[in-house]
Amino acid sequence: MGDTRLMKGNEALAEAAIRAGCQGYFGYPITPQSEILEYLADEGRKRGMIVLQAESEVASINMVYGGAGAGARVMTSSSSPGISLMQEGISYIACAELPCLIVNVNRGGPGLGTIQPSQGDYFQSVKGGGHGDYRLIVLAPSSVQEMADFVYDAFDLADKYRTPVLILADGALGQMMEKVEFREYIPADHVPPKPWATTGKLKERARNFVTSLHMQPEQMEEVNKHLQAKYRTIAEHEVRYELVAADDAEYMIVAYGLAARVSHRAVQLARAEGIRVGLLRPITLWPYPSAVLQSIASRLQGVLVVEMNAGQMVEDVRLAVEGRAPVHFYGRMGGVIPGPDEVVRALRAIVHNEVAQAAEAH
Amino acid sequence: MSPEITQDLTAEEQEQLECVYAKPETLTETRFHYCPGCGHSVVHRVLMEVVEELDIQDKTIGIAPVGCSVFAYHYMNIDMQGAAHGRASAVATAVKRLLPDRYVFAYQGDGDLAAIGTAETIHTCNRGENIMIVFINNAIYGMTGGQMAPTTLLGMKTSTSPTGRTVETAGFPIMITNMIAMLPGVAYVTRQSVETPNAVRQLKKAFTKGFQYQKEHKGTCFIEVVSNCPSGWKMTPLQANKWLVENMFPVYPPGDIKVPA
Ligand SMILES: Cc1ncc(C[n+]2csc(CCOP(=O)(O)OP(=O)(O)O)c2C)c(N)n1
Ligand code: SF4
């Protein structure tokens with residue numbers, strides 16, 4: 001049975017974490033996501049969760065390591081500068097194969113930047129961020145509803161693959177209030193037990209140890225091969241995206257998160273003007289929905305990537321499109337959210353320019 | 001008894017031997033990789049003897065640091081986690097919070113605990129986390145080849161203080177254990193050593209108390225072991241232990257610093 005409420009994105013995410021049976025939260029305040037810690041310090045504790053305000057994000061992520069290593073369902077959340085501080089720990093967690101949830105409510109950077117919404121952490125989220133060859137499953141919500149829903153999915157995916165999962169939102173999704181319906185959390189049937197966890201060595205089993213250190217290069221290569229095989233499996237099975245008005249589209253906008261919501265409106269406005277445009281909204285930023293993009297690219301006149309950054313995901317779009325269609329970019333930086341009208345203008349320029357070029361060629 | 005020692009004896013002779021000293025079950029068969037005379041080996045053994053004697057192998061979770069004892073989990077036959085450099089006490093905090101009926105300890109060197117991990121150390125202790133922290137103070141970075149540590153003595157030569165540590169360039173040796181003792185959440189602070197059999201016996205008592213206080217939820221127990229690093233100090237084990245008594249003890253005097261009321 002659903003339970004419908006009006007909530008901020010951050011609070012919805014926190015509420016969903018409690019409902020998903022998260023046992024431990026470790027975090028440090030930073031705008032625009034402190035409501036997660038605040039909500040859990042109240043509601044989470046009341047409902048039996050261990051909630052600890054750590055001395056830093058460095059401590060937080062290492063607490064997540066410890067808690068996950070002890071077999072508990074655990075999470076942390078932060079915003080851009082705090083996520084940067086966590087990168088060493090995230091790399092350790094990925095290598096030690098510890099399931100956990102990390103939430104980044106992205107704000108404008110670089111540096112201390114601004115507390116306003118941004119997508120400037122795309123590269124950091126999907127290309128590594130920390131050291132070594134590892135990946136995070138990255139889920140990008142675009143509504144308060146998805147801020148809640150993706151928490152359930154994230155914990156299940158983390159357990160299924162023994163891997164850290166990142167929810168990459170932005171300040172607007174964290175702060176805005178929308179209707180959210182909490183469905184009952186039913187763990188995915190594939191959630192495996194954790195016989196590897198350090199819970200105390202019983203007589204009948206060998207000791208468990210959690211580590212990311214393998215001194216022999218051949219051994220470390222085996223660990224890497226194992227991780228890469230796991231990432232290939234994830235890439236095969238866990239790609240998620242949404243297609244809007246794609247069937248007859250001559251142009252596609254590609255955007256995720258808040259930029260996708262803005263672009264959705266832009267698609268409606270442009271269609272009213274007679275521009276046949278659709279929207280591809282990647283939901284998993286890693287693994288990236290490259291295949292779908294590849295399959296539709298050759299029938300497109302052009303692709304417009306809309307991001308709240310200087311152009312990061314556009315690189316993955318270009319890799320997928322592989323020159324089958326021209327790829328354009330429109331972005332705002334530093335915490336500025338583009339309006340649908342701006343996106344339509346960018347689209348118009350592409351369409352008209354291409355029409356003009358086509359006329360010239362004739 | 002190891003096969004090398006007993007192989008010269010007949011089966012009959014072997015049977016007559018009385019076992020007076022055995023490896024505890026809480027140590028694995030893996031040989032220590034530590035340099036000859038290194039304090040880490042002794043501390044590992046003593047700690048694991050206590051775990052065996054208290055019969056808490058199934059309830060104890062250790063956190064290994066980054067430092068020479070990074071492979072502690074290969075020797076200690078208990079469940080363990082290897083933490084990032086400096087973060088063992090944060091890792092231990094979460095394990096203990098989520099498994100409150102287990103015994104949890106963090107085992108850390110001076111670089112790990114008192115340089116890169118200072119914030120975690122102080123805040124773990126300030127929260128009074130109900131864990132035991134074992135702090136191996138050998139006044140040097142052993143693992144990375146003998147660089148200056150925050151606990152390096154004034155005048156002491158290391159690869160990064162080649163003419164001896166000076167206050168002007170590196171400040172004073174950090175008295176982290178005394179700082180920790182000031183925090184109200186901390187129940188038990190003691191400074192021990194391993195250079196003589198008697199010191200080893202005292203250390204064993206301290207570990208036993210540490211686990212006992214943890215059982216009684218007294219708060220953080222912090223046990224410093226003034227240890228050696230024959231390789232980093234460029235001394236024989238005997239010279240190192242002599243040097244330790246003459247130079248380390250005046251700055252880091254052994255004894256209890258704080259005991260529960
Ligand atoms: C983030 C990070 N910085 C630096 C290192 C390199 N490093 C490994 S061990 C170590 C110092 C260890 O010294 P100490 O904690 O005193 O332990 P010991 O080896 O003397 O037992 C350093 C600097 C690292 N592994 N990780
Ligand atoms: S380098 Fe020093 S601390 Fe490390 S094992 Fe050798 S003697 Fe021990």
# chains A, B, ... in the order shown; residues from 1 in each chain; ligands from 1
call {"tool": "residues_around", "arguments": {"residues": "Ile186 (chain A)", "least_positions_apart": "3", "cutoff": "10 Å", "atoms": "only C-alpha atoms", "output": "list in words"}}
result
Arg19, Ala20, Tyr152, Asp156, Arg183 and Asp189 of chain A
call {"tool": "interface_residues", "arguments": {"of": "chain A", "to": "chain B", "cutoff": "7 Å", "atoms": "only C-alpha atoms", "output": "count of residues only"}}
result
18
call {"tool": "residues_near_ligand", "arguments": {"ligand": "ligand 1", "cutoff": "8 Å", "atoms": "only C-alpha atoms and all ligand atoms", "output": "PyMOL selection string"}}
result
(chain A and resi 88) or (chain B and resi 40+65-69+84-86+108-113+116+136-144+146+149+229)
call {"tool": "write_last_selection", "arguments": {"atoms": "N, CA, C and O atoms", "output": "CSV table (one decimal), in the first residue's frame"}}
result
chain,number,residue,atom,x,y,z
A,88,GLU,N,39.0,8.6,-1.9
A,88,GLU,CA,39.9,7.5,-1.5
A,88,GLU,C,39.1,6.4,-0.9
A,88,GLU,O,39.3,5.2,-1.3
B,40,HIS,N,56.1,-5.3,16.5
B,40,HIS,CA,54.8,-5.7,16.0
B,40,HIS,C,54.5,-7.2,16.3
B,40,HIS,O,53.4,-7.5,16.7
B,65,PRO,N,45.7,-1.3,10.1
B,65,PRO,CA,45.9,0.0,9.6
B,65,PRO,C,46.6,-0.1,8.2
B,65,PRO,O,46.8,-1.2,7.7
B,66,VAL,N,47.1,1.0,7.7
B,66,VAL,CA,48.1,1.0,6.7
B,66,VAL,C,49.4,1.4,7.4
B,66,VAL,O,49.5,2.4,8.0
B,67,GLY,N,50.4,0.5,7.2
B,67,GLY,CA,51.7,0.6,7.9
B,67,GLY,C,52.3,-0.8,7.9
B,67,GLY,O,51.7,-1.6,7.2
B,68,CYS,N,53.3,-1.0,8.6
B,68,CYS,CA,53.9,-2.3,8.6
B,68,CYS,C,52.9,-3.4,9.0
B,68,CYS,O,53.0,-4.6,8.5
B,69,SER,N,52.0,-3.1,9.8
B,69,SER,CA,51.0,-4.1,10.3
B,69,SER,C,49.8,-4.2,9.4
B,69,SER,O,48.7,-4.7,9.8
B,84,ALA,N,41.7,2.2,5.4
B,84,ALA,CA,42.6,3.2,4.7
B,84,ALA,C,43.5,3.8,5.7
B,84,ALA,O,43.3,3.8,6.9
B,85,HIS,N,44.6,4.4,5.2
B,85,HIS,CA,45.6,5.0,6.1
B,85,HIS,C,45.1,6.0,7.0
B,85,HIS,O,44.5,7.0,6.5
B,86,GLY,N,45.1,5.7,8.3
B,86,GLY,CA,44.6,6.7,9.3
B,86,GLY,C,43.2,6.5,9.7
B,86,GLY,O,42.8,7.2,10.7
B,108,GLN,N,47.0,0.5,15.2
B,108,GLN,CA,47.6,1.5,14.4
B,108,GLN,C,49.0,2.0,14.7
B,108,GLN,O,49.3,2.0,15.9
B,109,GLY,N,49.7,2.3,13.7
B,109,GLY,CA,51.1,2.9,14.0
B,109,GLY,C,51.0,4.4,14.2
B,109,GLY,O,49.9,5.0,14.2
B,110,ASP,N,52.1,5.0,14.5
B,110,ASP,CA,52.1,6.4,14.9
B,110,ASP,C,51.8,7.4,13.7
B,110,ASP,O,51.1,8.4,13.9
B,111,GLY,N,52.3,7.0,12.5
B,111,GLY,CA,51.9,7.8,11.3
B,111,GLY,C,50.4,7.7,11.1
B,111,GLY,O,49.7,8.7,10.8
B,112,ASP,N,49.9,6.5,11.1
B,112,ASP,CA,48.5,6.2,10.9
B,112,ASP,C,47.6,6.9,11.9
B,112,ASP,O,46.7,7.6,11.5
B,113,LEU,N,48.0,6.8,13.2
B,113,LEU,CA,47.1,7.3,14.2
B,113,LEU,C,47.3,8.8,14.6
B,113,LEU,O,46.3,9.5,14.8
B,116,ILE,N,48.2,11.3,9.8
B,116,ILE,CA,47.1,11.3,8.8
B,116,ILE,C,45.7,11.1,9.4
B,116,ILE,O,44.7,11.6,9.0
B,136,ILE,N,50.8,1.7,18.2
B,136,ILE,CA,52.2,1.2,18.2
B,136,ILE,C,53.1,2.4,17.9
B,136,ILE,O,53.1,2.9,16.7
B,137,ASN,N,53.8,2.9,18.9
B,137,ASN,CA,54.7,4.1,18.7
B,137,ASN,C,56.1,3.7,18.5
B,137,ASN,O,56.8,3.4,19.5
B,138,ASN,N,56.5,3.6,17.3
B,138,ASN,CA,58.0,3.3,17.0
B,138,ASN,C,58.7,4.5,16.5
B,138,ASN,O,59.8,4.4,16.0
B,139,ALA,N,58.1,5.7,16.6
B,139,ALA,CA,58.8,7.0,16.3
B,139,ALA,C,59.3,7.1,14.9
B,139,ALA,O,60.2,7.9,14.6
B,140,ILE,N,58.7,6.3,14.0
B,140,ILE,CA,59.2,6.3,12.6
B,140,ILE,C,58.1,5.7,11.7
B,140,ILE,O,57.2,5.0,12.2
B,141,TYR,N,58.2,6.0,10.4
B,141,TYR,CA,57.4,5.4,9.4
B,141,TYR,C,58.1,4.1,9.0
B,141,TYR,O,59.0,4.3,8.2
B,142,GLY,N,57.7,3.0,9.5
B,142,GLY,CA,58.5,1.8,9.1
B,142,GLY,C,58.2,1.3,7.7
B,142,GLY,O,59.1,1.1,6.9
B,143,MET,N,56.9,1.3,7.3
B,143,MET,CA,56.5,0.7,6.1
B,143,MET,C,57.1,1.4,4.8
B,143,MET,O,57.5,0.8,3.9
B,144,THR,N,57.1,2.7,4.9
B,144,THR,CA,57.5,3.5,3.7
B,144,THR,C,59.0,3.7,3.7
B,144,THR,O,59.5,4.5,2.9
B,146,GLY,N,61.3,4.5,6.7
B,146,GLY,CA,62.0,5.2,7.7
B,146,GLY,C,61.9,6.7,7.6
B,146,GLY,O,62.9,7.4,7.9
B,149,ALA,N,58.2,10.5,11.7
B,149,ALA,CA,56.8,10.4,12.2
B,149,ALA,C,56.5,11.6,13.1
B,149,ALA,O,57.4,12.3,13.5
B,229,CYS,N,61.8,-0.1,15.9
B,229,CYS,CA,61.8,-0.3,14.5
B,229,CYS,C,63.3,-0.5,14.1
B,229,CYS,O,64.0,0.4,13.7
call {"tool": "residues_around", "arguments": {"residues": "Val226 (chain B)", "least_positions_apart": "4", "cutoff": "9 Å", "atoms": "only C-alpha atoms", "output": "MDAnalysis selection string"}}
result
chainID B and resid 39 135:139 191:195 244 248:249 252:254
call {"tool": "atom_distance", "arguments": {"atom1": "CA of Thr196 (chain B)", "atom2": "CA of Cys221 (chain B)"}}
result
23.2 Å
call {"tool": "closest_residue", "arguments": {"among": "A:Arg271, A:Lys127, A:Lys8, A:Arg232", "to": "Met313 (chain A)", "atoms": "only C-alpha atoms"}}
result
A:Lys127
call {"tool": "residues_around", "arguments": {"residues": "Met75 (chain A)", "least_positions_apart": "5", "cutoff": "10 Å", "atoms": "only C-alpha atoms", "output": "ChimeraX atom specification"}}
result
/A:17,22-27,51,60-61,63-65,67-68,99-103,155,164-166
call {"tool": "residues_around", "arguments": {"residues": "Leu168 (chain A)", "least_positions_apart": "3", "cutoff": "7 Å", "atoms": "only C-alpha atoms", "output": "PyMOL selection string"}}
result
chain A and resi 103-106+138-140
call {"tool": "residues_around", "arguments": {"residues": "His190 (chain A)", "least_positions_apart": "2", "cutoff": "7 Å", "atoms": "only C-alpha atoms", "output": "list in words"}}
result
Lys160, Ala188 and Pro192 of chain A
call {"tool": "write_last_selection", "arguments": {"atoms": "all heavy atoms", "output": "JSON list (two decimals), in the first residue's frame"}}
result
[["chain", "number", "residue", "atom", "x", "y", "z"],
["A", 160, "LYS", "N", 23.25, -6.91, -4.67],
["A", 160, "LYS", "CA", 23.30, -7.91, -5.74],
["A", 160, "LYS", "C", 24.71, -8.02, -6.32],
["A", 160, "LYS", "O", 25.19, -9.11, -6.58],
["A", 160, "LYS", "CB", 22.31, -7.51, -6.85],
["A", 160, "LYS", "CG", 22.28, -8.48, -8.02],
["A", 160, "LYS", "CD", 21.23, -8.08, -9.04],
["A", 160, "LYS", "CE", 21.23, -9.03, -10.22],
["A", 160, "LYS", "NZ", 20.27, -8.61, -11.26],
["A", 188, "ALA", "N", 14.44, -7.01, -3.44],
["A", 188, "ALA", "CA", 14.53, -7.80, -4.66],
["A", 188, "ALA", "C", 14.92, -9.22, -4.26],
["A", 188, "ALA", "O", 15.69, -9.42, -3.33],
["A", 188, "ALA", "CB", 15.58, -7.19, -5.58],
["A", 192, "PRO", "N", 21.51, -11.29, -1.90],
["A", 192, "PRO", "CA", 22.17, -12.47, -1.34],
["A", 192, "PRO", "C", 22.56, -12.29, 0.13],
["A", 192, "PRO", "O", 22.68, -11.15, 0.60],
["A", 192, "PRO", "CB", 23.42, -12.58, -2.21],
["A", 192, "PRO", "CG", 23.68, -11.18, -2.69],
["A", 192, "PRO", "CD", 22.41, -10.39, -2.60]]
